[in-house]
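In what follows, a single structure is set out as structure tokens and then discussed.
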Amino acid sequence: MEKNKYQNLVKKYTPKENVLGNGVTAFIIGGFMGMLGEFLIQFYSYVFSIPTKEASTIMTVTLIFAGCLLTCLGFFDKWVTSAKCGLIVPITGFAHAMQSAALEYKKEGFVTGIGANMFKLAGSVIIYGVCSAYFFGLCRLIVMGG
Amino acid sequence: MNYVHAFLFAGFVCFLGQLILDNTKLTPGHVTTIFVVLGTLLDVFNVYDKFVLWAGGGALVPITSFGHMLIHGAMQGAGTYGFMGLCVGMFNLTSAGIMSAIVISFFLSLIFKPRD
């Protein structure tokens, strides 16, 4: 078959993604995640009577724990397929990436499996975050003096 | 009012991520990496601090806050130790998140079995 014809056929049968619908879903789910974060901060700072800065740390840990546990129970992957970026961009996506890599490579052993592969997906976030923070921080230190 | 701001900001960030994911061939891994770099870039001139003041938890939940906290800790360290402080303080604020992610996912992966 000619290349052009084949390309046209592929284009014809590729399911069209509902871009606007996906965006609205991500907006709503992500918005609710943000509201949940705000609620947890208010809740912790009220219950333990601590400043909001410490409460936000506990909020991050809570969300990471929830993301890991839901990944282990198998809910998270189903939810991501319908909620799209609404669950990937919040910190739960980071937890999900680590947890799913750790679970997937468990059968290869503790050191060469879990130990070597835990950061397989989440490592890029840490590496590029640290490198860009170091670079921008250095620029700011030299240009603006801190 | 705080909750409305949190909803709008976190929703907007996720909406941007979804737009990138749908209109390009990038994977979710690319999207989260882009957002972390964006977070550090925004905090060079303390822009992200204003978002945190405005949206509260809504600005701390998306992955951009991870980059913001990295450079924030680095600049705090640089304030006390000079150039070496960039390395000393880099993980000061994010260590709780990274630590808990490592420890929790390790122990949960001991307990649970992978599903397919």
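Here, A, B, ... name the chains of the structure tokens in the order displayed, residue numbers run from 1 inside each chain, and ligands are numbered from 1 in the same displayed order.
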
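For range 121-128 of chain A, the list of residues within 6 Å, based on only C-alpha atoms and with local chain neighbours fewer than 5 positions off taken out, reads Ala97 and Met98 of chain A; Thr33 of chain B.
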
Test item: residues at most 9 Å from Leu16 in chain B, only C-alpha atoms, excluding those fewer than 4 positions along its chain, as a list in words: Gly23, Ala26, Phe27 and Cys85 of chain A; Gly11, Phe12, Ile20 and Leu21 of chain B

Selection from above, all heavy atoms, as a CSV table (one decimal), in the first residue's frame, can you write it?
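So result.csv came out as:
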```
chain,number,residue,atom,x,y,z
A,23,GLY,N,-10.1,18.8,28.9
A,23,GLY,CA,-9.6,20.0,29.6
A,23,GLY,C,-10.5,20.4,30.8
A,23,GLY,O,-10.0,20.7,31.9
A,26,ALA,N,-10.1,17.9,33.6
A,26,ALA,CA,-8.9,18.1,34.3
A,26,ALA,C,-9.0,19.3,35.2
A,26,ALA,O,-8.5,19.3,36.3
A,26,ALA,CB,-7.7,18.3,33.3
A,27,PHE,N,-9.7,20.4,34.7
A,27,PHE,CA,-9.9,21.6,35.5
A,27,PHE,C,-10.7,21.3,36.7
A,27,PHE,O,-10.3,21.7,37.8
A,27,PHE,CB,-10.6,22.6,34.6
A,27,PHE,CG,-10.8,24.0,35.3
A,27,PHE,CD1,-9.8,24.9,35.4
A,27,PHE,CD2,-12.0,24.3,35.9
A,27,PHE,CE1,-10.0,26.1,36.0
A,27,PHE,CE2,-12.2,25.5,36.5
A,27,PHE,CZ,-11.2,26.4,36.5
A,85,CYS,N,-5.2,14.8,33.5
A,85,CYS,CA,-4.1,15.5,34.2
A,85,CYS,C,-4.6,16.0,35.6
A,85,CYS,O,-3.8,16.5,36.4
A,85,CYS,CB,-3.7,16.7,33.4
A,85,CYS,SG,-2.2,16.4,32.5
B,11,GLY,N,-7.0,24.1,39.4
B,11,GLY,CA,-7.7,23.7,38.2
B,11,GLY,C,-7.1,24.3,36.9
B,11,GLY,O,-6.9,23.5,35.9
B,12,PHE,N,-6.6,25.5,37.0
B,12,PHE,CA,-6.0,26.1,35.8
B,12,PHE,C,-4.7,25.4,35.5
B,12,PHE,O,-4.4,25.2,34.3
B,12,PHE,CB,-5.8,27.6,36.1
B,12,PHE,CG,-5.1,28.3,35.0
B,12,PHE,CD1,-5.8,28.5,33.8
B,12,PHE,CD2,-3.8,28.8,35.1
B,12,PHE,CE1,-5.2,29.2,32.7
B,12,PHE,CE2,-3.2,29.4,34.0
B,12,PHE,CZ,-3.9,29.6,32.8
B,20,ILE,N,-1.4,20.6,27.1
B,20,ILE,CA,-0.1,20.1,26.6
B,20,ILE,C,-0.1,18.7,26.2
B,20,ILE,O,0.3,18.3,25.2
B,20,ILE,CB,1.0,20.4,27.6
B,20,ILE,CG1,1.2,21.9,27.9
B,20,ILE,CG2,2.4,19.8,27.2
B,20,ILE,CD1,2.1,22.2,29.0
B,21,LEU,N,-0.8,17.9,27.1
B,21,LEU,CA,-0.8,16.4,26.9
B,21,LEU,C,-1.6,16.1,25.6
B,21,LEU,O,-1.3,15.2,24.9
B,21,LEU,CB,-1.5,15.8,28.1
B,21,LEU,CG,-1.2,14.3,28.3
B,21,LEU,CD1,0.2,14.1,28.6
B,21,LEU,CD2,-2.0,13.8,29.5
```

Every residue of chain B that DSSP places in helix (DSSP H, G or I), as a ChimeraX atom specification: /B:2-23,28-43,47-55,57-60,64-89,95-111

CA of Cys139 in chain A to CA of Ala74 in chain B, straight-line distance in Å: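 Those two atoms sit 12.1 Å apart.
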
Non-local contacts of Gly77 in chain B (10 Å; only C-alpha atoms; under 5 positions in same chain excluded) as a PyMOL selection string: (chain A and resi 146) or (chain B and resi 71-72+82-92)

12 Å contact set for Val103 in chain B, only C-alpha atoms, chain neighbours under 4 positions out, as a PyMOL selection string: (chain A and resi 61+64-65+68+95+98-99+102+115+118) or (chain B and resi 95-99+107-110)

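Distances here use only C-alpha atoms; by that measure, the residue among B:Phe7, B:Phe35, B:Phe106, B:Tyr81 closest to chain A is B:Phe7.
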
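Distances to Val13 in chain B were evaluated for B:Met1, B:Leu41, B:Val47, B:Leu60 using only C-alpha atoms, and the minimum falls at B:Leu60.
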
Range 74-77 of chain A surroundings by only C-alpha atoms, 10 Å radius, close-in-sequence under 2 positions cut, as number ranges by chain: A: 66-72, 79-83, 87, 92-93, 96, 100; B: 114-116

Dump as a tab-separated table (two decimals), in the first residue's frame, selection limited to all heavy atoms:
```
chain	number	residue	atom	x	y	z
A	66	ALA	N	-1.94	9.04	50.45
A	66	ALA	CA	-3.18	8.66	49.77
A	66	ALA	C	-2.89	8.17	48.35
A	66	ALA	O	-3.44	7.15	47.91
A	66	ALA	CB	-4.14	9.85	49.73
A	67	GLY	N	-2.00	8.88	47.63
A	67	GLY	CA	-1.67	8.49	46.27
A	67	GLY	C	-1.04	7.11	46.22
A	67	GLY	O	-1.40	6.28	45.38
A	68	CYS	N	-0.10	6.84	47.16
A	68	CYS	CA	0.58	5.54	47.18
A	68	CYS	C	-0.41	4.42	47.49
A	68	CYS	O	-0.43	3.38	46.83
A	68	CYS	CB	1.69	5.55	48.24
A	68	CYS	SG	3.14	6.47	47.74
A	69	LEU	N	-1.24	4.65	48.51
A	69	LEU	CA	-2.17	3.59	48.94
A	69	LEU	C	-3.18	3.28	47.85
A	69	LEU	O	-3.46	2.12	47.56
A	69	LEU	CB	-2.88	4.03	50.23
A	69	LEU	CG	-3.69	2.94	50.92
A	69	LEU	CD1	-2.75	1.87	51.45
A	69	LEU	CD2	-4.52	3.50	52.05
A	70	LEU	N	-3.71	4.33	47.20
A	70	LEU	CA	-4.71	4.11	46.16
A	70	LEU	C	-4.10	3.43	44.94
A	70	LEU	O	-4.77	2.65	44.27
A	70	LEU	CB	-5.36	5.43	45.76
A	70	LEU	CG	-6.29	6.01	46.82
A	70	LEU	CD1	-6.74	7.39	46.44
A	70	LEU	CD2	-7.50	5.11	47.00
A	71	THR	N	-2.79	3.70	44.68
A	71	THR	CA	-2.12	3.00	43.59
A	71	THR	C	-2.01	1.52	43.90
A	71	THR	O	-2.24	0.66	43.05
A	71	THR	CB	-0.72	3.58	43.36
A	71	THR	OG1	-0.84	4.98	43.19
A	71	THR	CG2	-0.08	2.99	42.14
A	72	CYS	N	-1.64	1.20	45.17
A	72	CYS	CA	-1.50	-0.19	45.57
A	72	CYS	C	-2.83	-0.92	45.49
A	72	CYS	O	-2.88	-2.09	45.11
A	72	CYS	CB	-0.98	-0.27	47.01
A	72	CYS	SG	0.75	0.07	47.12
A	79	TRP	N	-8.79	5.74	37.82
A	79	TRP	CA	-9.21	7.15	37.94
A	79	TRP	C	-8.45	8.03	36.97
A	79	TRP	O	-9.00	8.97	36.42
A	79	TRP	CB	-9.03	7.65	39.36
A	79	TRP	CG	-10.00	7.03	40.32
A	79	TRP	CD1	-11.09	6.30	39.99
A	79	TRP	CD2	-9.96	7.08	41.73
A	79	TRP	NE1	-11.73	5.88	41.12
A	79	TRP	CE2	-11.06	6.34	42.20
A	79	TRP	CE3	-9.07	7.67	42.65
A	79	TRP	CZ2	-11.33	6.20	43.56
A	79	TRP	CZ3	-9.35	7.52	43.99
A	79	TRP	CH2	-10.46	6.79	44.45
A	80	VAL	N	-7.13	7.74	36.78
A	80	VAL	CA	-6.32	8.59	35.90
A	80	VAL	C	-6.85	8.53	34.47
A	80	VAL	O	-6.89	9.55	33.77
A	80	VAL	CB	-4.83	8.17	35.95
A	80	VAL	CG1	-4.06	8.75	34.79
A	80	VAL	CG2	-4.20	8.64	37.24
A	81	THR	N	-7.32	7.36	34.03
A	81	THR	CA	-7.81	7.27	32.66
A	81	THR	C	-9.02	8.16	32.45
A	81	THR	O	-9.25	8.64	31.34
A	81	THR	CB	-8.18	5.82	32.30
A	81	THR	OG1	-8.93	5.28	33.37
A	81	THR	CG2	-6.96	5.00	32.02
A	82	SER	N	-9.82	8.42	33.50
A	82	SER	CA	-10.97	9.30	33.31
A	82	SER	C	-10.68	10.73	33.76
A	82	SER	O	-11.23	11.68	33.18
A	82	SER	CB	-12.19	8.75	34.04
A	82	SER	OG	-11.86	8.49	35.38
A	83	ALA	N	-9.82	10.91	34.77
A	83	ALA	CA	-9.59	12.27	35.28
A	83	ALA	C	-8.43	12.96	34.59
A	83	ALA	O	-8.25	14.16	34.75
A	83	ALA	CB	-9.32	12.22	36.78
A	87	LEU	N	-5.26	14.44	38.07
A	87	LEU	CA	-4.61	13.67	39.13
A	87	LEU	C	-3.11	13.52	38.89
A	87	LEU	O	-2.38	13.12	39.79
A	87	LEU	CB	-5.25	12.28	39.24
A	87	LEU	CG	-6.63	12.25	39.87
A	87	LEU	CD1	-7.21	10.86	39.79
A	87	LEU	CD2	-6.57	12.68	41.32
A	92	THR	N	-0.01	13.96	43.95
A	92	THR	CA	-0.40	12.55	43.93
A	92	THR	C	0.19	11.83	42.72
A	92	THR	O	0.46	10.64	42.78
A	92	THR	CB	-1.93	12.42	43.90
A	92	THR	OG1	-2.44	13.33	42.93
A	92	THR	CG2	-2.54	12.70	45.23
A	93	GLY	N	0.38	12.57	41.60
A	93	GLY	CA	0.95	11.96	40.40
A	93	GLY	C	2.38	11.52	40.63
A	93	GLY	O	2.81	10.47	40.15
A	96	HIS	N	2.23	8.43	42.67
A	96	HIS	CA	1.77	7.33	41.82
A	96	HIS	C	2.90	6.79	40.95
A	96	HIS	O	3.05	5.58	40.80
A	96	HIS	CB	0.62	7.84	40.94
A	96	HIS	CG	0.26	6.92	39.83
A	96	HIS	ND1	-0.32	5.70	40.04
A	96	HIS	CD2	0.43	7.03	38.49
A	96	HIS	CE1	-0.51	5.11	38.88
A	96	HIS	NE2	-0.06	5.90	37.92
A	100	SER	N	4.04	2.94	41.44
A	100	SER	CA	3.79	1.96	40.39
A	100	SER	C	5.10	1.36	39.89
A	100	SER	O	5.15	0.17	39.56
A	100	SER	CB	3.00	2.58	39.24
A	100	SER	OG	3.64	3.72	38.77
B	114	PRO	N	1.77	-6.58	42.84
B	114	PRO	CA	1.40	-5.81	41.63
B	114	PRO	C	0.14	-6.37	40.98
B	114	PRO	O	-0.10	-7.58	40.99
B	114	PRO	CB	2.62	-5.97	40.73
B	114	PRO	CG	3.33	-7.16	41.25
B	114	PRO	CD	3.06	-7.22	42.71
B	115	ARG	N	-0.66	-5.46	40.42
B	115	ARG	CA	-1.87	-5.87	39.71
B	115	ARG	C	-1.67	-5.67	38.23
B	115	ARG	O	-0.86	-4.86	37.81
B	115	ARG	CB	-3.05	-4.99	40.15
B	115	ARG	CG	-3.43	-5.21	41.55
B	115	ARG	CD	-4.26	-4.07	42.07
B	115	ARG	NE	-4.54	-4.33	43.47
B	115	ARG	CZ	-5.62	-4.98	43.89
B	115	ARG	NH1	-6.51	-5.37	43.03
B	115	ARG	NH2	-5.80	-5.21	45.16
B	116	ASP	N	-2.42	-6.41	37.45
B	116	ASP	CA	-2.30	-6.19	36.01
B	116	ASP	C	-3.67	-6.03	35.36
B	116	ASP	O	-4.68	-6.05	36.01
B	116	ASP	CB	-1.55	-7.33	35.35
B	116	ASP	CG	-1.92	-8.68	35.93
B	116	ASP	OD1	-3.02	-8.76	36.54
B	116	ASP	OD2	-1.15	-9.63	35.81
```

Residues near Ile34 in chain B, cut-off 9 Å, only C-alpha atoms, skip fewer than 4 positions along chain, as a list in words: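 Once the adjacent positions are removed, what remains is Val125 and Tyr128 of chain A; Gly29, His30, Leu38, Gly39 and Thr64 of chain B.
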
Please provide the set of residues having any atom within 8 Å of Met33 in chain A, restricted to only C-alpha atoms, with same-chain residues fewer than 4 positions apart removed, written as a compact mmCIF listing (two decimals) with N, CA, C and O atoms, in the first residue's frame.
```txt
# COMPACT_ATOMS: atom_id res chain seq x y z
N ILE A 29 -11.40 18.30 38.28
CA ILE A 29 -10.75 17.37 39.22
C ILE A 29 -9.56 18.05 39.90
O ILE A 29 -9.37 17.96 41.12
N GLY A 37 -6.50 20.22 49.31
CA GLY A 37 -5.25 20.66 49.94
C GLY A 37 -5.48 21.81 50.90
O GLY A 37 -4.99 21.81 52.03
N GLY A 86 -5.88 15.96 35.87
CA GLY A 86 -6.36 16.42 37.17
C GLY A 86 -5.73 15.66 38.32
O GLY A 86 -5.68 16.16 39.44
N LEU A 87 -5.26 14.44 38.07
CA LEU A 87 -4.61 13.67 39.13
C LEU A 87 -3.11 13.52 38.89
O LEU A 87 -2.38 13.12 39.79
N PRO A 90 -1.13 17.27 40.21
CA PRO A 90 -0.93 17.38 41.66
C PRO A 90 0.11 16.40 42.18
O PRO A 90 0.50 15.48 41.46
N PHE B 7 -9.41 26.42 44.20
CA PHE B 7 -10.04 25.66 43.11
C PHE B 7 -9.59 26.21 41.76
O PHE B 7 -9.17 25.46 40.88
N ALA B 10 -5.50 25.65 41.13
CA ALA B 10 -5.12 24.26 40.88
C ALA B 10 -5.78 23.76 39.61
O ALA B 10 -5.17 23.04 38.81
N GLY B 58 -4.18 25.63 47.17
CA GLY B 58 -4.33 25.39 45.75
C GLY B 58 -3.04 25.54 44.99
O GLY B 58 -2.83 24.90 43.97
N VAL B 61 -0.54 22.31 46.09
CA VAL B 61 -0.85 20.93 45.67
C VAL B 61 -0.23 20.56 44.33
O VAL B 61 0.35 19.48 44.20
```

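Across the structure, CA of Gly79 in chain B and CA of Thr60 in chain A are spaced 25.8 Å apart.
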
Interatomic distance (Å, one decimal) between CA of Val89 in chain A and CA of Ile50 in chain A: 27.5 Å
